[in-house]
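Structure, as structure tokens:
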Amino acid sequence: MRTLLDAGVNVCFTNPGTSEMHFVAALDAEPGMRAVLTLFEGVATGAADGYARMAGKPAATLLHLGCGLGNGLSNLHNARKAGVPVVNIVGDHATYHTRYDAPLQSDIETVARNVSTWVRTSSSTQMLPRDVAEAVAVAQGPPSQVATLILPADVSWGDGAVVAVPRPLTQAPCASDELIACIARVLEGGGNNALLLGGRALREPALVAAARIAIASGARLLAEVFPARLERGAGLPFVERIAYLPELAAVQLAGLDNLILVDAKAPVPFFAYPGKENYLVPDGCAVHELVTSSHDATGSLQQLCLRLGAERSAPALQPPSRPAQPRGRLTAEKVCKAVGHLLPENAIVVDEAQTSGTTLAMFTAGAPRHDVLALTGGAIGLGLPVAVGAAIACPRRPVLALVGDGSALYTIQALWTMARERLQVVSIIFNNGAYAILELELERVGALLGGPRARAQLDISNPALDFVQLAQGMGVAATRATTADDFTTALERALAVPGPHLIEAVVPRALSGLKLKALPHLLRAIPHLPQPVARAIKTRVEP
Ligand SMILES: Cc1ncc(C[n+]2csc(CCOP(=O)(O)OP(=O)(O)O)c2C)c(N)n1
């Protein structure tokens with residue numbers, strides 16, 4: 001534990017069992033370690049992800065053998081896709097106990113490997129501190145990643161360990177001069193070009209450099225679909241996020257000559273659909289990679305900016321604007337509007353709103369500056385845990401978690417940790433009684449036979465879920481809103497009164513019966529769409 005602290009890891013999200021009792025006992029000797037109990041491992045791992053996205057350094061998790069790690073896997077998958085550092089400490093049986101295949105015995109390394117670039121079972125107490133220092137160093141990267149240290153109980157309780165010196169941080173290299181010169185030539189060559197920004201390229205210094213490059217070269221700025229952390233709002237450069245629906249993404253990318261990847265992957269749809277395109281880069285578009293997640297994206301963009309002589313140009317910045325207060329019966333769109341109407345300065349917005357959040361980007365584009373943390377790996381159940389971690393990393397910043405009812409129920413226990421730690425989180429749950437996005441997907445995959453028995457698998461309205469009671473049962477103050485006025489009042493109160501709050505927003509399904517005809521409505525969620533693209537969409541989907 002002291003090695004962890006010396007290496008800067010001072011938060012640990014825990015769900016311990018017998019094998020981890022010595023680690024737990026050590027907490028009293030090390031007051032510098034903040035241990036945060038969670039009631040399910042998916043909350044611990046998602047919280048470690050949210051913490052790392054905001055703190056820029058790893059938290060530890062403390063998990064119970066293969067089963068505990070397995071419970072946390074889904075959010076470790078999201079953390080891996082977010083490219084954030086996490087150090088898992090997974091207790092194991094004493095080395096001499098494993099041969100009996102005791103009830104909790106399992107192959108922990110196999111479970112860990114799926115999400116962890118680095119996996120090690122510590123073999124002796126003497127080696128343990130060195131292993132810990134290595135785990136932290138590997139997690140920090142570059143690239144940042146998930147490292148899993150398996151800690152047998154006898155290695156944990158043995159004597160003879162000496163605190164290890166932390167490894168020095170490794171500086172990520174910039175792109176080579178040749179590559180920067182080559183990409184500068186591509187941009188100077190003109191044509192229809194775009195920079196696709198991901199990972200750390202979505203923070204302010206990188207965004208400012210990219211916006212200068214855009215001004216100098218005429219290139220557009222795009223962001224990956226689900227960013228780990230996007231800094232946006234009034235006074236920051238605006239980036240257009242690639243849409244989730246491939247039909248919309250294809251329109252955004254149509255006609256590109258060059259796509260320059262900056263810590264992002266070439267865009268593909270989440271899924272392949274029968275008879276549809278499964279690679280979104282248009283034919284004839286050349287893809288260039290400026291940097292990967294192992295590089296310094298900000299430094300490389302700044303050098304590219306210099307190369308183009310654009311370092312002094314004024315980047316285009318988002319002007320402030322807020323939507324009016326919504327009125328009348330509550331809808332998902334009005335919830336997003338109210339959030340844009342009230343969003344406080346420096347908020348952290350966790351977006352797992354699914355279909356209900358389609359207009360969130362549009363209504364918050366000109367709100368005071370804020371960070372958006374998205375569902376990087378598509379594995380739902382991330383929103384509430386990530387909000388826990390973000391609130392612990394940034395205790396003075398308000399956190400708003402917008403979460404679909406289906407998604408919320410994967411890791412609803414996060415509410416209890418919010419209450420116990422008195423975290424400044426407002427959880428907004430969209431109760432639409434459905435896995436609405438899957439209704440859309442049912443049609444999109446061409447499963448045309450979907451009848452009542454199929455649709456029943458996507459309906460979560462019977463019995464009706466009562467999020468107010470669920471929250472209150474876990475110590476979180478909660479209200480239900482059915483009108484836009486109720487919602488706005490509840491949000492104002494939740495933002496003003498310290499501690500966690502939950503607002504259950506009872507809303508109709510946002511995209512129910514969505515047909516291609518409805519896509520222009522969705523496209524309003526991509527503000528500042530360049531005119532030619534907007535026209536192309538209209539002609540394509542509104543014949
Ligand atoms: C771990 C995991 N399990 C299942 C899914 C499949 N899935 C994607 S969206 C979804 C339902 C989301 O429902 P909700 O949060 O209520 O949002 P809505 O679709 O109603 O807008 C499910 C089950 C997934 N993406 N990840």
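Labels used: A, B, ... for chains in the order of the structure tokens, numbers from 1 for residues in each chain, and numbers from 1 for ligands as shown.
Of the residues in stretch 26-60 of chain A, those given helix (DSSP H, G or I) by DSSP on the backbone are Ala26, Leu27, Asp28, Ala29, Glu41, Gly42, Val43, Ala44, Thr45, Gly46, Ala47, Ala48, Asp49, Gly50, Tyr51, Ala52, Arg53, Met54 and Ala55 of chain A.
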| said: Show me which residues are within 7 Å of ligand 1 counting only C-alpha atoms and all ligand atoms, and format the list as a count of residues only. | reply: 23
| task | Show which residues sit within 9 Å of A:Ile412, as an MDAnalysis selection string. Count only C-alpha atoms, and ignore same-chain residues fewer than 5 positions away. | result | chainID A and resid 43 381 384:385 407 470:471
| Of the listed residues A:Leu245, A:Ala133, A:Cys285, A:Leu409, that which approaches A:Phe271 most closely, counting only C-alpha atoms |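 Among the listed residues, A:Leu245 lies closest to A:Phe271.
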| Quick one: of A:Asn462, A:Thr18, A:Gln424, A:Gln105, who's nearest to A:Ala390, counting only C-alpha atoms? |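 The closest residue to A:Ala390 is A:Gln424.
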| task | Mind giving me the straight-line distance from atom CA of A:Pro237 to atom CA of A:Asp371 in Å, one decimal? | result |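 Spanning atom CA of A:Pro237 to atom CA of A:Asp371 is a straight-line distance of 13.0 Å.
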| task | Write out as a PyMOL selection string which residues come within 9 Å of A:Gly160 when counting only C-alpha atoms, dropping same-chain ones fewer than 2 positions away. | result | chain A and resi 125-126+158+162
Mind dumping the selected residues with N, CA, C and O atoms as an mmCIF file, in the first residue's frame?
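Printed below is result.cif as written:
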```
data_model
loop_
_atom_site.group_PDB
_atom_site.id
_atom_site.type_symbol
_atom_site.label_atom_id
_atom_site.label_comp_id
_atom_site.auth_asym_id
_atom_site.auth_seq_id
_atom_site.Cartn_x
_atom_site.Cartn_y
_atom_site.Cartn_z
ATOM 1 N N THR A 125 6.424 -12.325 -1.187
ATOM 2 C CA THR A 125 6.259 -11.055 -0.479
ATOM 3 C C THR A 125 7.405 -10.097 -0.827
ATOM 4 O O THR A 125 7.201 -8.899 -0.948
ATOM 5 N N GLN A 126 8.596 -10.668 -1.007
ATOM 6 C CA GLN A 126 9.756 -9.830 -1.326
ATOM 7 C C GLN A 126 9.569 -9.138 -2.686
ATOM 8 O O GLN A 126 9.979 -8.000 -2.870
ATOM 9 N N GLY A 158 2.586 -12.398 4.246
ATOM 10 C CA GLY A 158 3.978 -12.738 4.576
ATOM 11 C C GLY A 158 4.792 -11.522 5.026
ATOM 12 O O GLY A 158 4.364 -10.378 4.885
ATOM 13 N N VAL A 162 9.847 -4.715 1.280
ATOM 14 C CA VAL A 162 10.423 -3.380 1.448
ATOM 15 C C VAL A 162 9.771 -2.487 0.398
ATOM 16 O O VAL A 162 9.682 -2.882 -0.766
#
```
| Spatial neighbours of stretch 190-198 of chain A, max dist 7 Å, only C-alpha atoms, sep filter under 4 positions, as a PyMOL selection string | chain A and resi 202+219-224+227+255-264
